[in-house]
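> After the structure tokens below, expect a handful of questions from me.
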Amino acid sequence: MSEQANASSLFQNYARYPITLVKGEGSWLWDDQGNKYLDFMCGIAVTNLGHAPKPVKDALVKQLDELWHVSNLYHIPNQQAAAKLLTDNSCADRVFFCNSGAEANEAAIKIARRYQQKVAGNGRYEIITFHKSFHGRTLATLTATGQDKVKDGFLPLPEGFVHVELNDAQALESAINERTAAIMLELVVAEGGVYPVEPAFAAHIAQLCKQHGLLLIVDEIQTGMGRTGTLFAYEQYGIEPDVFTLAKGLGSGFPVGAMLAKEYVAEAFSAGTHGSTFGGTPIATAAVKATIETIVGEGVSAKAAEAGKYLVEQLKEKLSGHPLVTDIRGRGLLVGIECTQPIGELITEGQKRGLLTVSAGPNVIRLLPSLLVSKEEIDQAVSILAGIFADRTAAV
């Protein structure tokens, strides 16, 4: 353990890099030693508008001078306005605000069960999710997650979750039974390796949900808010979820999450059935409102689609055929470089050269730049990555 870690009063549940970041602007970060970094991880898909975007900063400063917190027992104008922006720009009719992605997915799990049991009038409670998925770290959401590593030491796990292979229609059909309440998926399995769902499989899921009376839940925690080239990833698949969840980029770095649903599903959350003390505060929803207005008003999603296409083109030009690279894939500005070996040393070498990236499983480098990243910044990032791979080959 490092001297800095030994001196800390924090739990040691994060494997932190030896970098202390103190300032951010746009696509750039600075540490306490004055070193400058090109940020291609954005706090893991959080600062979608870059660091300290002015419209969001201005909205937060204004709200800080007015009101910080009141209970959800009262009406909150920012919350109403932010919810309307979300429903006006999506297939949803209702919004529940919370504090994080895990809480948003927890709310989705709860509303799926309560809808089946109290609105549809049956005893269904099981939710089907997919291997390699990631849905959070509460007991329910880590159980929903299709990765054993997040479950180690937390037994017994809650019942009611079934996992199947992604893009395997037969396995999915076999998993549906009289207890099934919903199917929950990420349209790009992000933390589990950056695997986009096959469009035909997504359509098949939607058809099965209609056929069997199941709810379709789409986890848009990482794919939403313009990250994949549309405001929400489901728009690219020609499907409409009954429920979907947001967090990460929703507040441009201010902690906030949301669960959205169709009107008929929303009947399940009557007064007193679910809540959150800090969900949708005046400050949080000021950030949400300014973030959505900026993304929609400035066509940020389309910019992300164009930048993502350019990024993948440049990566393939510089890295395709490299002996360490097996695939380059993704949607929009959620991109993965799959390698033949663990990529931990490649990420730390990138840090030394001024580029921040993040893993997606042991063998995939995940790239998550600002949705407003410039071509020059993309060129710089690709040049650094190409140099790292070239040097690794020379060393071998």
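Each chain of the structure tokens is named A, B, ... in the order shown, its residues numbered from 1; ligands are numbered from 1 in display order.
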Within stretch 303-370 of chain A, find each residue whose DSSP state, derived from the backbone, is alpha helix (DSSP H), and express the selection as a list in words.

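Here are the alpha helix (DSSP H) residues of stretch 303-370 of chain A: Lys303, Ala304, Ala305, Glu306, Ala307, Gly308, Lys309, Tyr310, Leu311, Val312, Glu313, Gln314, Leu315, Lys316, Glu317, Lys318, Leu319, Gly344, Glu345, Leu346, Ile347, Thr348, Glu349, Gly350, Gln351 and Lys352 of chain A.
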
> Could you pull the residues within 7 Å of A:Thr129, counting only C-alpha atoms, minus those fewer than 2 positions along the same chain, as an NGL selection string?

:A and (127 or 144 or 146 or 162-164 or 183-185)

> Give me, as a PyMOL selection string, all polymer residues having an atom no more than 7 Å from stretch 217-225 of chain A, counting only C-alpha atoms and skipping those fewer than 2 positions away in the same chain.

chain A and resi 45+101+182-186+188+215+227-228+231-233+241-250

> Would you mind exporting the chosen residues as a JSON list (two decimals), in the first residue's frame, restricted to N, CA, C and O atoms?


[["chain", "number", "residue", "atom", "x", "y", "z"],
["A", 45, "ALA", "N", -17.82, 8.19, -18.27],
["A", 45, "ALA", "CA", -19.00, 8.62, -19.03],
["A", 45, "ALA", "C", -19.91, 9.57, -18.27],
["A", 45, "ALA", "O", -21.13, 9.57, -18.47],
["A", 101, "GLY", "N", -26.93, 5.80, -10.58],
["A", 101, "GLY", "CA", -27.38, 4.78, -11.50],
["A", 101, "GLY", "C", -27.90, 3.55, -10.80],
["A", 101, "GLY", "O", -28.89, 2.94, -11.21],
["A", 182, "ALA", "N", -39.83, -9.11, -16.20],
["A", 182, "ALA", "CA", -39.21, -8.13, -17.09],
["A", 182, "ALA", "C", -37.90, -8.68, -17.65],
["A", 182, "ALA", "O", -37.33, -9.63, -17.13],
["A", 183, "ILE", "N", -37.45, -8.05, -18.73],
["A", 183, "ILE", "CA", -36.12, -8.28, -19.29],
["A", 183, "ILE", "C", -35.38, -6.95, -19.22],
["A", 183, "ILE", "O", -35.91, -5.92, -19.65],
["A", 184, "MET", "N", -34.17, -6.98, -18.70],
["A", 184, "MET", "CA", -33.39, -5.77, -18.47],
["A", 184, "MET", "C", -32.06, -5.88, -19.21],
["A", 184, "MET", "O", -31.36, -6.89, -19.07],
["A", 185, "LEU", "N", -31.71, -4.87, -19.99],
["A", 185, "LEU", "CA", -30.46, -4.94, -20.73],
["A", 185, "LEU", "C", -29.84, -3.58, -20.97],
["A", 185, "LEU", "O", -30.52, -2.55, -20.92],
["A", 186, "GLU", "N", -28.52, -3.59, -21.22],
["A", 186, "GLU", "CA", -27.79, -2.46, -21.75],
["A", 186, "GLU", "C", -27.70, -2.67, -23.26],
["A", 186, "GLU", "O", -27.37, -3.77, -23.70],
["A", 188, "VAL", "N", -25.49, -1.26, -25.17],
["A", 188, "VAL", "CA", -24.06, -1.50, -25.34],
["A", 188, "VAL", "C", -23.57, -1.98, -23.97],
["A", 188, "VAL", "O", -23.64, -1.23, -22.99],
["A", 215, "LEU", "N", -42.19, -6.50, -18.96],
["A", 215, "LEU", "CA", -41.70, -5.14, -19.15],
["A", 215, "LEU", "C", -40.30, -5.18, -19.74],
["A", 215, "LEU", "O", -39.47, -6.02, -19.36],
["A", 227, "ARG", "N", -24.34, 9.83, -25.47],
["A", 227, "ARG", "CA", -23.06, 9.10, -25.53],
["A", 227, "ARG", "C", -22.92, 8.24, -26.78],
["A", 227, "ARG", "O", -21.83, 8.16, -27.37],
["A", 228, "THR", "N", -23.99, 7.58, -27.22],
["A", 228, "THR", "CA", -23.87, 6.67, -28.36],
["A", 228, "THR", "C", -24.25, 7.30, -29.70],
["A", 228, "THR", "O", -24.31, 6.61, -30.72],
["A", 231, "LEU", "N", -29.74, 10.82, -28.28],
["A", 231, "LEU", "CA", -29.91, 11.18, -26.86],
["A", 231, "LEU", "C", -29.97, 9.92, -26.01],
["A", 231, "LEU", "O", -29.35, 9.85, -24.95],
["A", 232, "PHE", "N", -30.70, 8.90, -26.49],
["A", 232, "PHE", "CA", -30.76, 7.60, -25.82],
["A", 232, "PHE", "C", -30.45, 6.51, -26.84],
["A", 232, "PHE", "O", -30.87, 6.60, -28.00],
["A", 233, "ALA", "N", -29.76, 5.49, -26.42],
["A", 233, "ALA", "CA", -29.35, 4.43, -27.35],
["A", 233, "ALA", "C", -30.52, 3.68, -27.95],
["A", 233, "ALA", "O", -30.45, 3.22, -29.10],
["A", 241, "PRO", "N", -38.58, 1.18, -24.78],
["A", 241, "PRO", "CA", -38.66, 0.48, -23.50],
["A", 241, "PRO", "C", -39.88, 0.92, -22.70],
["A", 241, "PRO", "O", -40.36, 2.05, -22.85],
["A", 242, "ASP", "N", -40.37, 0.03, -21.86],
["A", 242, "ASP", "CA", -41.42, 0.40, -20.91],
["A", 242, "ASP", "C", -40.82, 1.22, -19.78],
["A", 242, "ASP", "O", -41.48, 2.11, -19.22],
["A", 243, "VAL", "N", -39.58, 0.91, -19.45],
["A", 243, "VAL", "CA", -38.84, 1.58, -18.38],
["A", 243, "VAL", "C", -37.40, 1.77, -18.86],
["A", 243, "VAL", "O", -36.85, 0.88, -19.50],
["A", 244, "PHE", "N", -36.80, 2.93, -18.58],
["A", 244, "PHE", "CA", -35.36, 3.05, -18.80],
["A", 244, "PHE", "C", -34.74, 3.93, -17.73],
["A", 244, "PHE", "O", -35.45, 4.69, -17.05],
["A", 245, "THR", "N", -33.43, 3.78, -17.56],
["A", 245, "THR", "CA", -32.75, 4.43, -16.45],
["A", 245, "THR", "C", -31.60, 5.30, -16.94],
["A", 245, "THR", "O", -30.96, 5.01, -17.94],
["A", 246, "LEU", "N", -31.35, 6.36, -16.19],
["A", 246, "LEU", "CA", -30.29, 7.33, -16.51],
["A", 246, "LEU", "C", -29.51, 7.69, -15.26],
["A", 246, "LEU", "O", -30.02, 7.62, -14.15],
["A", 247, "ALA", "N", -28.27, 8.11, -15.45],
["A", 247, "ALA", "CA", -27.44, 8.71, -14.40],
["A", 247, "ALA", "C", -26.21, 9.29, -15.10],
["A", 247, "ALA", "O", -26.35, 9.93, -16.14],
["A", 248, "LYS", "N", -25.03, 9.04, -14.58],
["A", 248, "LYS", "CA", -23.77, 9.46, -15.18],
["A", 248, "LYS", "C", -23.86, 10.83, -15.86],
["A", 248, "LYS", "O", -23.80, 11.85, -15.20],
["A", 249, "GLY", "N", -24.04, 10.89, -17.19],
["A", 249, "GLY", "CA", -24.04, 12.16, -17.90],
["A", 249, "GLY", "C", -25.26, 13.03, -17.68],
["A", 249, "GLY", "O", -25.32, 14.16, -18.18],
["A", 250, "LEU", "N", -26.23, 12.57, -16.90],
["A", 250, "LEU", "CA", -27.48, 13.30, -16.71],
["A", 250, "LEU", "C", -27.27, 14.66, -16.07],
["A", 250, "LEU", "O", -28.00, 15.61, -16.37]]

> List as a list of chain:residue names the protein and nucleic acid residues near stretch 84-88 of chain A, meaning an atom at most 9 Å away when only C-alpha atoms are counted, but skip any in the same chain fewer than 6 places from it.

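Within the cut-off, the hits are A:Arg94, A:Val95, A:Leu260, A:Lys289, A:Ile292, A:Glu293.
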
> Store the residues picked out above, limited to C-alpha atoms, as a PDB file, in the first residue's frame.


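Contents of out.pdb, freshly written:
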ATOM      1  CA  ARG A  94     -43.111   9.863 -16.047  1.00  0.00           C
ATOM      2  CA  VAL A  95     -39.772  10.461 -14.286  1.00  0.00           C
ATOM      3  CA  LEU A 260     -38.372   6.839 -16.552  1.00  0.00           C
ATOM      4  CA  LYS A 289     -32.204  20.908 -16.842  1.00  0.00           C
ATOM      5  CA  ILE A 292     -30.492  18.485 -21.357  1.00  0.00           C
ATOM      6  CA  GLU A 293     -31.065  21.958 -22.780  1.00  0.00           C
TER       7      GLU A 293
END

> Using DSSP assignments from the backbone, pull out every residue in stretch 259-364 of chain A that falls under strand (DSSP E) and give it to me as a PyMOL selection string.

chain A and resi 259-261+325-331+334-339+355-356+358-359+364

> Need the shell around stretch 300-311 of chain A: protein/DNA/RNA residues with any atom at most 10 Å away, counting only C-alpha atoms. Skip same-chain ones fewer than 5 positions apart. Format as a ChimeraX atom specification?

/A:48-49,224-232,292,294-295,316-317,330-335,367-375,377-379,381-382

> Let's have the selection written as an mmCIF file, in the first residue's frame, with C-alpha atoms.


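This is the output file part.cif:
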data_model
loop_
_atom_site.group_PDB
_atom_site.id
_atom_site.type_symbol
_atom_site.label_atom_id
_atom_site.label_comp_id
_atom_site.auth_asym_id
_atom_site.auth_seq_id
_atom_site.Cartn_x
_atom_site.Cartn_y
_atom_site.Cartn_z
ATOM 1 C CA ASN A 48 -20.354 14.306 -21.341
ATOM 2 C CA LEU A 49 -20.207 18.066 -21.968
ATOM 3 C CA GLY A 224 -27.729 7.722 -22.457
ATOM 4 C CA MET A 225 -27.386 11.504 -22.687
ATOM 5 C CA GLY A 226 -25.933 11.495 -26.193
ATOM 6 C CA ARG A 227 -23.061 9.104 -25.528
ATOM 7 C CA THR A 228 -23.869 6.667 -28.363
ATOM 8 C CA GLY A 229 -24.839 9.283 -30.965
ATOM 9 C CA THR A 230 -28.506 9.769 -30.095
ATOM 10 C CA LEU A 231 -29.914 11.179 -26.864
ATOM 11 C CA PHE A 232 -30.755 7.605 -25.822
ATOM 12 C CA ILE A 292 -30.492 18.485 -21.357
ATOM 13 C CA THR A 294 -27.437 22.058 -23.912
ATOM 14 C CA ILE A 295 -27.372 18.553 -25.395
ATOM 15 C CA LYS A 316 -8.634 1.321 -37.261
ATOM 16 C CA GLU A 317 -6.226 3.141 -39.547
ATOM 17 C CA GLY A 330 -18.609 0.601 -30.085
ATOM 18 C CA ARG A 331 -21.349 3.140 -30.719
ATOM 19 C CA GLY A 332 -20.853 6.889 -30.829
ATOM 20 C CA LEU A 333 -18.245 7.899 -28.281
ATOM 21 C CA LEU A 334 -18.386 4.646 -26.337
ATOM 22 C CA VAL A 335 -15.529 2.759 -27.965
ATOM 23 C CA LEU A 367 -12.586 5.323 -24.627
ATOM 24 C CA LEU A 368 -15.173 7.798 -23.328
ATOM 25 C CA PRO A 369 -14.181 11.322 -24.377
ATOM 26 C CA SER A 370 -16.314 14.414 -24.039
ATOM 27 C CA LEU A 371 -19.128 14.501 -26.589
ATOM 28 C CA LEU A 372 -17.706 17.877 -27.658
ATOM 29 C CA VAL A 373 -14.215 16.487 -28.255
ATOM 30 C CA SER A 374 -12.447 18.066 -31.231
ATOM 31 C CA LYS A 375 -10.842 16.255 -34.157
ATOM 32 C CA GLU A 377 -7.997 16.085 -29.578
ATOM 33 C CA ILE A 378 -9.021 12.771 -31.148
ATOM 34 C CA ASP A 379 -5.899 12.859 -33.323
ATOM 35 C CA ALA A 381 -5.328 10.629 -28.308
ATOM 36 C CA VAL A 382 -4.970 8.202 -31.222
#

> What gap, in Å, lies between atom CA of A:Leu346 and atom CA of A:Ala15?

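That distance, rounded to one decimal, is 16.2 Å.
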
> For a quick check of understanding, using only C-alpha atoms, which of A:Ile347, A:Ala108, A:Ala286, A:Leu216 has the smallest distance to A:Gln80?

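Among the listed residues, the smallest separation from A:Gln80 belongs to A:Ala286.
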
> Can you tell me, as a PDB file with N, CA and C atoms, in the first residue's frame, what residues are no more than 8 Å from A:Ala202 when counting only C-alpha atoms, ignoring any on the same chain fewer than 6 positions away?


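Okay, part_34.pdb is ready:
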ATOM      1  N   LEU A 187     -27.920  -1.638 -24.044  1.00  0.00           N
ATOM      2  CA  LEU A 187     -27.830  -1.789 -25.502  1.00  0.00           C
ATOM      3  C   LEU A 187     -26.386  -1.749 -25.991  1.00  0.00           C
ATOM      4  N   TYR A 237     -32.285   1.580 -32.142  1.00  0.00           N
ATOM      5  CA  TYR A 237     -32.712   0.187 -32.282  1.00  0.00           C
ATOM      6  C   TYR A 237     -34.177   0.042 -32.695  1.00  0.00           C
ATOM      7  N   ILE A 239     -36.817   0.487 -30.945  1.00  0.00           N
ATOM      8  CA  ILE A 239     -37.648  -0.080 -29.883  1.00  0.00           C
ATOM      9  C   ILE A 239     -38.003   1.017 -28.894  1.00  0.00           C
TER      10      ILE A 239
END

> Show which residues sit within 8 Å of A:Asn167, as a VMD selection string. Count only C-alpha atoms, and ignore same-chain residues fewer than 6 positions away.

chain A and resid 197 to 198 201

> Those residues with all heavy atoms, as an mmCIF file, in the first residue's frame please?


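Listing of selection.cif after writing:
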data_model
loop_
_atom_site.group_PDB
_atom_site.id
_atom_site.type_symbol
_atom_site.label_atom_id
_atom_site.label_comp_id
_atom_site.auth_asym_id
_atom_site.auth_seq_id
_atom_site.Cartn_x
_atom_site.Cartn_y
_atom_site.Cartn_z
ATOM 1 N N VAL A 197 -25.357 -4.503 -28.620
ATOM 2 C CA VAL A 197 -26.363 -5.549 -28.846
ATOM 3 C C VAL A 197 -26.706 -5.591 -30.326
ATOM 4 O O VAL A 197 -26.819 -4.549 -30.986
ATOM 5 C CB VAL A 197 -27.614 -5.261 -28.001
ATOM 6 C CG1 VAL A 197 -28.744 -6.224 -28.348
ATOM 7 C CG2 VAL A 197 -27.282 -5.346 -26.514
ATOM 8 N N GLU A 198 -26.887 -6.796 -30.867
ATOM 9 C CA GLU A 198 -27.286 -6.937 -32.262
ATOM 10 C C GLU A 198 -28.712 -6.395 -32.428
ATOM 11 O O GLU A 198 -29.603 -6.731 -31.640
ATOM 12 C CB GLU A 198 -27.227 -8.398 -32.686
ATOM 13 C CG GLU A 198 -25.820 -8.974 -32.702
ATOM 14 C CD GLU A 198 -25.799 -10.470 -32.995
ATOM 15 O OE1 GLU A 198 -26.895 -11.038 -33.223
ATOM 16 O OE2 GLU A 198 -24.702 -11.058 -32.976
ATOM 17 N N PHE A 201 -31.515 -8.868 -32.260
ATOM 18 C CA PHE A 201 -31.746 -9.421 -30.925
ATOM 19 C C PHE A 201 -32.545 -8.443 -30.072
ATOM 20 O O PHE A 201 -33.450 -8.847 -29.330
ATOM 21 C CB PHE A 201 -30.414 -9.740 -30.255
ATOM 22 C CG PHE A 201 -30.560 -10.447 -28.935
ATOM 23 C CD1 PHE A 201 -31.077 -11.733 -28.865
ATOM 24 C CD2 PHE A 201 -30.169 -9.826 -27.756
ATOM 25 C CE1 PHE A 201 -31.212 -12.394 -27.654
ATOM 26 C CE2 PHE A 201 -30.294 -10.476 -26.531
ATOM 27 C CZ PHE A 201 -30.816 -11.765 -26.479
#

> State, in Å with one decimal place, the distance from atom CA of A:Ala81 to atom CA of A:Thr285.

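Atom-to-atom, atom CA of A:Ala81 to atom CA of A:Thr285, that is 8.3 Å.
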
> Mind giving me the straight-line distance from atom CA of A:Leu67 to atom CA of A:Pro255 in Å, one decimal?

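Distance between the two atoms: 17.1 Å.
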